[in-house]
>>> print(open('target_23.cif').read())   # mmCIF, N, CA and C atoms
data_upload
loop_
_atom_site.label_atom_id
_atom_site.label_comp_id
_atom_site.auth_asym_id
_atom_site.auth_seq_id
_atom_site.Cartn_x
_atom_site.Cartn_y
_atom_site.Cartn_z
N MET D 1 0.83 -1.20 0.00
CA MET D 1 0.00 0.00 0.00
C MET D 1 0.87 1.27 0.00
N ASP D 2 2.03 1.19 0.63
CA ASP D 2 2.95 2.33 0.68
C ASP D 2 3.40 2.71 -0.73
N LYS D 3 3.61 1.72 -1.57
CA LYS D 3 4.09 1.98 -2.93
C LYS D 3 3.02 2.70 -3.75
N VAL D 4 1.76 2.37 -3.51
CA VAL D 4 0.66 3.05 -4.21
C VAL D 4 0.64 4.53 -3.82
N GLY D 5 0.93 4.82 -2.56
CA GLY D 5 1.01 6.21 -2.12
C GLY D 5 2.14 6.96 -2.79
N HIS D 6 3.29 6.31 -2.92
CA HIS D 6 4.41 6.93 -3.62
C HIS D 6 4.06 7.17 -5.09
N LEU D 7 3.49 6.18 -5.73
CA LEU D 7 3.11 6.29 -7.13
C LEU D 7 2.11 7.43 -7.32
N GLY D 8 1.07 7.45 -6.50
CA GLY D 8 0.04 8.49 -6.62
C GLY D 8 0.58 9.88 -6.33
N SER D 9 1.44 9.98 -5.34
CA SER D 9 2.01 11.29 -4.98
C SER D 9 2.85 11.86 -6.12
N PHE D 10 3.67 11.03 -6.72
CA PHE D 10 4.53 11.53 -7.80
C PHE D 10 3.75 11.71 -9.10
N PHE D 11 2.67 10.97 -9.29
CA PHE D 11 1.79 11.22 -10.42
C PHE D 11 1.19 12.62 -10.27
N CYS D 12 0.69 12.94 -9.08
CA CYS D 12 0.10 14.26 -8.83
C CYS D 12 1.15 15.37 -8.91
N LEU D 13 2.34 15.12 -8.39
CA LEU D 13 3.42 16.12 -8.51
C LEU D 13 3.74 16.40 -9.97
N ALA D 14 3.81 15.36 -10.77
CA ALA D 14 4.10 15.54 -12.20
C ALA D 14 2.98 16.31 -12.88
N LEU D 15 1.74 15.96 -12.56
CA LEU D 15 0.59 16.64 -13.17
C LEU D 15 0.57 18.11 -12.80
N LEU D 16 0.69 18.42 -11.53
CA LEU D 16 0.62 19.81 -11.10
C LEU D 16 1.80 20.64 -11.61
N THR D 17 2.98 20.05 -11.63
CA THR D 17 4.14 20.76 -12.15
C THR D 17 3.99 21.00 -13.65
N HIS D 18 3.47 20.01 -14.35
CA HIS D 18 3.24 20.17 -15.79
C HIS D 18 2.22 21.28 -16.06
N LEU D 19 1.13 21.30 -15.30
CA LEU D 19 0.11 22.33 -15.49
C LEU D 19 0.63 23.72 -15.15
N ALA D 20 1.47 23.82 -14.14
CA ALA D 20 1.98 25.13 -13.71
C ALA D 20 3.07 25.68 -14.62
N PHE D 21 3.98 24.82 -15.06
CA PHE D 21 5.18 25.32 -15.76
C PHE D 21 5.36 24.77 -17.18
N GLU D 22 4.73 23.69 -17.53
CA GLU D 22 4.88 23.01 -18.82
C GLU D 22 6.35 22.81 -19.21
N PRO D 23 7.13 22.17 -18.33
CA PRO D 23 8.55 21.94 -18.65
C PRO D 23 8.70 20.82 -19.68
N LYS D 24 9.87 20.73 -20.25
CA LYS D 24 10.18 19.60 -21.13
C LYS D 24 10.10 18.32 -20.30
N TRP D 25 9.76 17.21 -20.93
CA TRP D 25 9.55 15.98 -20.18
C TRP D 25 10.80 15.53 -19.46
N TYR D 26 11.95 15.70 -20.10
CA TYR D 26 13.19 15.24 -19.47
C TYR D 26 13.59 16.13 -18.29
N SER D 27 13.23 17.41 -18.33
CA SER D 27 13.50 18.29 -17.19
C SER D 27 12.67 17.89 -15.99
N LEU D 28 11.39 17.70 -16.23
CA LEU D 28 10.50 17.33 -15.12
C LEU D 28 10.86 15.97 -14.55
N ALA D 29 11.13 15.01 -15.41
CA ALA D 29 11.51 13.67 -14.94
C ALA D 29 12.81 13.73 -14.14
N GLY D 30 13.77 14.51 -14.61
CA GLY D 30 15.04 14.64 -13.90
C GLY D 30 14.89 15.32 -12.54
N ILE D 31 14.10 16.38 -12.50
CA ILE D 31 13.88 17.09 -11.24
C ILE D 31 13.17 16.20 -10.24
N LEU D 32 12.13 15.51 -10.69
CA LEU D 32 11.40 14.63 -9.76
C LEU D 32 12.23 13.42 -9.35
N ALA D 33 13.09 12.93 -10.24
CA ALA D 33 14.00 11.84 -9.86
C ALA D 33 14.97 12.31 -8.79
N GLY D 34 15.49 13.51 -8.95
CA GLY D 34 16.38 14.07 -7.94
C GLY D 34 15.68 14.27 -6.61
N TYR D 35 14.45 14.73 -6.67
CA TYR D 35 13.65 14.92 -5.45
C TYR D 35 13.39 13.59 -4.76
N ALA D 36 13.03 12.58 -5.53
CA ALA D 36 12.77 11.25 -4.96
C ALA D 36 14.03 10.68 -4.33
N LEU D 37 15.15 10.84 -5.00
CA LEU D 37 16.42 10.37 -4.45
C LEU D 37 16.76 11.13 -3.16
N PHE D 38 16.55 12.43 -3.16
CA PHE D 38 16.80 13.24 -1.96
C PHE D 38 15.94 12.76 -0.79
N ILE D 39 14.66 12.50 -1.04
CA ILE D 39 13.77 12.01 0.02
C ILE D 39 14.29 10.71 0.61
N GLU D 40 14.71 9.80 -0.26
CA GLU D 40 15.21 8.51 0.23
C GLU D 40 16.52 8.66 1.00
N LEU D 41 17.38 9.57 0.56
CA LEU D 41 18.62 9.81 1.30
C LEU D 41 18.34 10.40 2.69
N VAL D 42 17.40 11.31 2.77
CA VAL D 42 17.03 11.88 4.08
C VAL D 42 16.45 10.79 4.97
N GLN D 43 15.60 9.94 4.41
CA GLN D 43 15.00 8.87 5.21
C GLN D 43 16.05 7.88 5.70
N SER D 44 17.11 7.70 4.94
CA SER D 44 18.15 6.76 5.37
C SER D 44 18.92 7.29 6.58
N ARG D 45 18.90 8.59 6.78
CA ARG D 45 19.60 9.21 7.91
C ARG D 45 18.75 9.31 9.18
N LEU D 46 17.45 9.13 9.04
CA LEU D 46 16.56 9.25 10.20
C LEU D 46 16.43 7.90 10.90
N PRO D 47 16.54 7.89 12.22
CA PRO D 47 16.48 6.60 12.94
C PRO D 47 15.11 5.93 12.90
N TYR D 48 14.07 6.70 12.72
CA TYR D 48 12.71 6.15 12.74
C TYR D 48 12.13 5.94 11.34
N ARG D 49 12.95 6.11 10.30
CA ARG D 49 12.53 5.89 8.91
C ARG D 49 13.53 4.98 8.22
N SER D 50 13.13 4.44 7.09
CA SER D 50 14.06 3.61 6.32
C SER D 50 13.94 3.96 4.84
N ALA D 51 15.05 3.93 4.16
CA ALA D 51 15.08 4.20 2.73
C ALA D 51 14.84 2.89 1.98
N SER D 52 14.26 3.03 0.80
CA SER D 52 13.97 1.84 0.00
C SER D 52 14.10 2.19 -1.48
N SER D 53 14.82 1.37 -2.20
CA SER D 53 14.92 1.59 -3.65
C SER D 53 13.58 1.32 -4.33
N ALA D 54 12.76 0.48 -3.72
CA ALA D 54 11.42 0.22 -4.27
C ALA D 54 10.55 1.48 -4.20
N ASP D 55 10.75 2.31 -3.18
CA ASP D 55 10.02 3.58 -3.11
C ASP D 55 10.42 4.49 -4.26
N PHE D 56 11.71 4.54 -4.56
CA PHE D 56 12.20 5.35 -5.67
C PHE D 56 11.60 4.85 -6.98
N VAL D 57 11.57 3.55 -7.16
CA VAL D 57 10.98 2.98 -8.39
C VAL D 57 9.50 3.33 -8.48
N ALA D 58 8.77 3.24 -7.37
CA ALA D 58 7.35 3.59 -7.37
C ALA D 58 7.16 5.06 -7.71
N ASP D 59 8.03 5.92 -7.21
CA ASP D 59 7.97 7.34 -7.55
C ASP D 59 8.12 7.55 -9.05
N MET D 60 9.10 6.88 -9.64
CA MET D 60 9.35 7.06 -11.06
C MET D 60 8.24 6.43 -11.93
N VAL D 61 7.64 5.37 -11.44
CA VAL D 61 6.50 4.78 -12.16
C VAL D 61 5.33 5.77 -12.17
N GLY D 62 5.15 6.51 -11.08
CA GLY D 62 4.11 7.54 -11.04
C GLY D 62 4.34 8.61 -12.09
N VAL D 63 5.58 9.05 -12.25
CA VAL D 63 5.92 10.04 -13.28
C VAL D 63 5.70 9.45 -14.66
N LEU D 64 6.13 8.21 -14.85
CA LEU D 64 5.95 7.53 -16.13
C LEU D 64 4.47 7.39 -16.49
N LEU D 65 3.65 7.03 -15.52
CA LEU D 65 2.21 6.91 -15.78
C LEU D 65 1.59 8.25 -16.15
N PHE D 66 2.06 9.32 -15.50
CA PHE D 66 1.55 10.64 -15.88
C PHE D 66 1.86 10.92 -17.35
N TYR D 67 3.09 10.71 -17.76
CA TYR D 67 3.46 11.00 -19.14
C TYR D 67 2.78 10.06 -20.13
N PHE D 68 2.53 8.84 -19.73
CA PHE D 68 1.78 7.92 -20.59
C PHE D 68 0.34 8.42 -20.75
N GLY D 69 -0.27 8.86 -19.65
CA GLY D 69 -1.62 9.42 -19.73
C GLY D 69 -1.67 10.68 -20.56
N LEU D 70 -0.67 11.53 -20.43
CA LEU D 70 -0.60 12.75 -21.23
C LEU D 70 -0.46 12.42 -22.71
N TRP D 71 0.36 11.44 -23.01
CA TRP D 71 0.52 11.00 -24.41
C TRP D 71 -0.81 10.48 -24.96
N LEU D 72 -1.50 9.65 -24.17
CA LEU D 72 -2.81 9.14 -24.61
C LEU D 72 -3.79 10.27 -24.86
N TYR D 73 -3.82 11.23 -23.95
CA TYR D 73 -4.72 12.37 -24.10
C TYR D 73 -4.41 13.13 -25.39
N ARG D 74 -3.17 13.46 -25.60
CA ARG D 74 -2.80 14.23 -26.79
C ARG D 74 -3.01 13.43 -28.07
N ARG D 75 -2.76 12.16 -28.01
CA ARG D 75 -2.85 11.32 -29.20
C ARG D 75 -4.29 11.03 -29.63
N TYR D 76 -5.15 10.75 -28.66
CA TYR D 76 -6.49 10.29 -29.00
C TYR D 76 -7.59 11.28 -28.68
N ILE D 77 -7.66 11.77 -27.48
CA ILE D 77 -8.78 12.62 -27.08
C ILE D 77 -8.67 14.00 -27.71
N LYS D 78 -7.54 14.66 -27.55
CA LYS D 78 -7.37 16.00 -28.10
C LYS D 78 -7.46 15.97 -29.62
N ALA D 79 -6.89 14.97 -30.24
CA ALA D 79 -6.94 14.86 -31.70
C ALA D 79 -8.37 14.66 -32.19
N SER D 80 -9.15 13.85 -31.49
CA SER D 80 -10.52 13.63 -31.92
C SER D 80 -11.37 14.88 -31.73
N LEU D 81 -11.10 15.64 -30.67
CA LEU D 81 -11.82 16.90 -30.48
C LEU D 81 -11.49 17.89 -31.58
N LEU D 82 -10.24 17.97 -31.97
CA LEU D 82 -9.85 18.88 -33.05
C LEU D 82 -10.48 18.46 -34.37
N ASN D 83 -10.59 17.16 -34.61
CA ASN D 83 -11.23 16.67 -35.84
C ASN D 83 -12.71 17.03 -35.86
N LYS D 84 -13.38 16.94 -34.72
CA LYS D 84 -14.81 17.30 -34.65
C LYS D 84 -15.01 18.79 -34.89
N ILE D 85 -14.14 19.61 -34.32
CA ILE D 85 -14.25 21.06 -34.52
C ILE D 85 -13.99 21.41 -35.98
N GLY D 86 -12.99 20.77 -36.59
CA GLY D 86 -12.69 21.02 -37.99
C GLY D 86 -13.83 20.59 -38.90
N ALA D 87 -14.51 19.51 -38.58
CA ALA D 87 -15.64 19.05 -39.39
C ALA D 87 -16.82 20.00 -39.27
N LYS D 88 -17.02 20.60 -38.11
CA LYS D 88 -18.14 21.53 -37.93
C LYS D 88 -17.90 22.83 -38.68
N THR D 89 -16.66 23.31 -38.71
CA THR D 89 -16.38 24.58 -39.39
C THR D 89 -16.44 24.42 -40.91
N GLN D 90 -16.24 23.23 -41.42
CA GLN D 90 -16.30 23.02 -42.86
C GLN D 90 -17.72 22.87 -43.36
N SER D 91 -18.66 22.55 -42.47
CA SER D 91 -20.04 22.36 -42.94
C SER D 91 -20.84 23.63 -42.92
#
>>> encode(input="target_23.cif", output="structure tokens")
Amino acid sequence: MDKVGHLGSFFCLALLTHLAFEPKWYSLAGILAGYALFIELVQSRLPYRSASSADFVADMVGVLLFYFGLWLYRRYIKASLLNKIGAKTQS
């Protein structure tokens, strides 16, 4: 269940950062990867927390799922909406 929280949190971070700044995909992925790594390094230093590479992987899967969803949206939904608008203006 912890991994789902990591995945969901980084999915939301990617979404909100994309909406606010629209960075290049590699910039956002790199920044969030650095942030995830930083979080795990801090947790490894705390006596009541533990670091896990699986948490880092779950974080990156969340970012990957965001970009996959964005690709699907741009490829299918946005394109079909543009086609419908273009068909209406031609008639």
>>> select_by_dssp(input="target_23.cif", residues="chain D", states="alpha helix (DSSP H)", output="PyMOL selection string")
chain D and resi 2-21+25-45+53-72+78-90
>>> residues_around(input="target_23.cif", residues="Cys12 in chain D", least_positions_apart="6", cutoff="12 Å", atoms="only C-alpha atoms", output="list in words")
Gly5, His6, His18, Leu19, Leu32, Asp59, Met60, Val61, Gly62, Val63, Leu64, Leu65, Phe66 and Tyr67 of chain D
>>> axis_aligned_box(input="target_23.cif", around="range 11-14 of chain D", padding_each_side="4 Å", output="lines of an AutoDock Vina configuration file")
center_x = 2.1
center_y = 13.7
center_z = -10.6
size_x = 12.0
size_y = 13.4
size_z = 12.5
>>> resolve_selection(input="target_23.cif", expression="the PyMOL selection byres (((chain D and resi 37-43 and name CA) around 12) and name CA)", output="mmCIF file with N, CA and C atoms, in the frame of the given file")
data_model
loop_
_atom_site.group_PDB
_atom_site.id
_atom_site.type_symbol
_atom_site.label_atom_id
_atom_site.label_comp_id
_atom_site.auth_asym_id
_atom_site.auth_seq_id
_atom_site.Cartn_x
_atom_site.Cartn_y
_atom_site.Cartn_z
ATOM 1 N N HIS D 6 3.290 6.310 -2.920
ATOM 2 C CA HIS D 6 4.410 6.930 -3.620
ATOM 3 C C HIS D 6 4.060 7.170 -5.090
ATOM 4 N N GLY D 30 13.770 14.510 -14.610
ATOM 5 C CA GLY D 30 15.040 14.640 -13.900
ATOM 6 C C GLY D 30 14.890 15.320 -12.540
ATOM 7 N N ILE D 31 14.100 16.380 -12.500
ATOM 8 C CA ILE D 31 13.880 17.090 -11.240
ATOM 9 C C ILE D 31 13.170 16.200 -10.240
ATOM 10 N N LEU D 32 12.130 15.510 -10.690
ATOM 11 C CA LEU D 32 11.400 14.630 -9.760
ATOM 12 C C LEU D 32 12.230 13.420 -9.350
ATOM 13 N N ALA D 33 13.090 12.930 -10.240
ATOM 14 C CA ALA D 33 14.000 11.840 -9.860
ATOM 15 C C ALA D 33 14.970 12.310 -8.790
ATOM 16 N N GLY D 34 15.490 13.510 -8.950
ATOM 17 C CA GLY D 34 16.380 14.070 -7.940
ATOM 18 C C GLY D 34 15.680 14.270 -6.610
ATOM 19 N N TYR D 35 14.450 14.730 -6.670
ATOM 20 C CA TYR D 35 13.650 14.920 -5.450
ATOM 21 C C TYR D 35 13.390 13.590 -4.760
ATOM 22 N N ALA D 36 13.030 12.580 -5.530
ATOM 23 C CA ALA D 36 12.770 11.250 -4.960
ATOM 24 C C ALA D 36 14.030 10.680 -4.330
ATOM 25 N N SER D 44 17.110 7.700 4.940
ATOM 26 C CA SER D 44 18.150 6.760 5.370
ATOM 27 C C SER D 44 18.920 7.290 6.580
ATOM 28 N N ARG D 45 18.900 8.590 6.780
ATOM 29 C CA ARG D 45 19.600 9.210 7.910
ATOM 30 C C ARG D 45 18.750 9.310 9.180
ATOM 31 N N LEU D 46 17.450 9.130 9.040
ATOM 32 C CA LEU D 46 16.560 9.250 10.200
ATOM 33 C C LEU D 46 16.430 7.900 10.900
ATOM 34 N N PRO D 47 16.540 7.890 12.220
ATOM 35 C CA PRO D 47 16.480 6.600 12.940
ATOM 36 C C PRO D 47 15.110 5.930 12.900
ATOM 37 N N TYR D 48 14.070 6.700 12.720
ATOM 38 C CA TYR D 48 12.710 6.150 12.740
ATOM 39 C C TYR D 48 12.130 5.940 11.340
ATOM 40 N N ARG D 49 12.950 6.110 10.300
ATOM 41 C CA ARG D 49 12.530 5.890 8.910
ATOM 42 C C ARG D 49 13.530 4.980 8.220
ATOM 43 N N SER D 50 13.130 4.440 7.090
ATOM 44 C CA SER D 50 14.060 3.610 6.320
ATOM 45 C C SER D 50 13.940 3.960 4.840
ATOM 46 N N ALA D 51 15.050 3.930 4.160
ATOM 47 C CA ALA D 51 15.080 4.200 2.730
ATOM 48 C C ALA D 51 14.840 2.890 1.980
ATOM 49 N N SER D 52 14.260 3.030 0.800
ATOM 50 C CA SER D 52 13.970 1.840 0.000
ATOM 51 C C SER D 52 14.100 2.190 -1.480
ATOM 52 N N SER D 53 14.820 1.370 -2.200
ATOM 53 C CA SER D 53 14.920 1.590 -3.650
ATOM 54 C C SER D 53 13.580 1.320 -4.330
ATOM 55 N N ALA D 54 12.760 0.480 -3.720
ATOM 56 C CA ALA D 54 11.420 0.220 -4.270
ATOM 57 C C ALA D 54 10.550 1.480 -4.200
ATOM 58 N N ASP D 55 10.750 2.310 -3.180
ATOM 59 C CA ASP D 55 10.020 3.580 -3.110
ATOM 60 C C ASP D 55 10.420 4.490 -4.260
ATOM 61 N N PHE D 56 11.710 4.540 -4.560
ATOM 62 C CA PHE D 56 12.200 5.350 -5.670
ATOM 63 C C PHE D 56 11.600 4.850 -6.980
ATOM 64 N N VAL D 57 11.570 3.550 -7.160
ATOM 65 C CA VAL D 57 10.980 2.980 -8.390
ATOM 66 C C VAL D 57 9.500 3.330 -8.480
ATOM 67 N N ALA D 58 8.770 3.240 -7.370
ATOM 68 C CA ALA D 58 7.350 3.590 -7.370
ATOM 69 C C ALA D 58 7.160 5.060 -7.710
ATOM 70 N N ASP D 59 8.030 5.920 -7.210
ATOM 71 C CA ASP D 59 7.970 7.340 -7.550
ATOM 72 C C ASP D 59 8.120 7.550 -9.050
ATOM 73 N N MET D 60 9.100 6.880 -9.640
ATOM 74 C CA MET D 60 9.350 7.060 -11.060
ATOM 75 C C MET D 60 8.240 6.430 -11.930
#
>>> atom_distance(input="target_23.cif", atom1="atom C of Tyr73 in chain D", atom2="CA of Val4 in chain D")
24.0 Å
>>> atom_distance(input="target_23.cif", atom1="atom N of Leu7 in chain D", atom2="atom C of Pro23 in chain D")
20.9 Å
>>> atom_distance(input="target_23.cif", atom1="CA of Leu28 in chain D", atom2="atom N of Leu15 in chain D")
9.2 Å
>>> closest_residue(input="target_23.cif", among="D:Ala29, D:Lys88, D:Arg74, D:Lys24", to="Phe11 in chain D", atoms="only C-alpha atoms")
D:Ala29
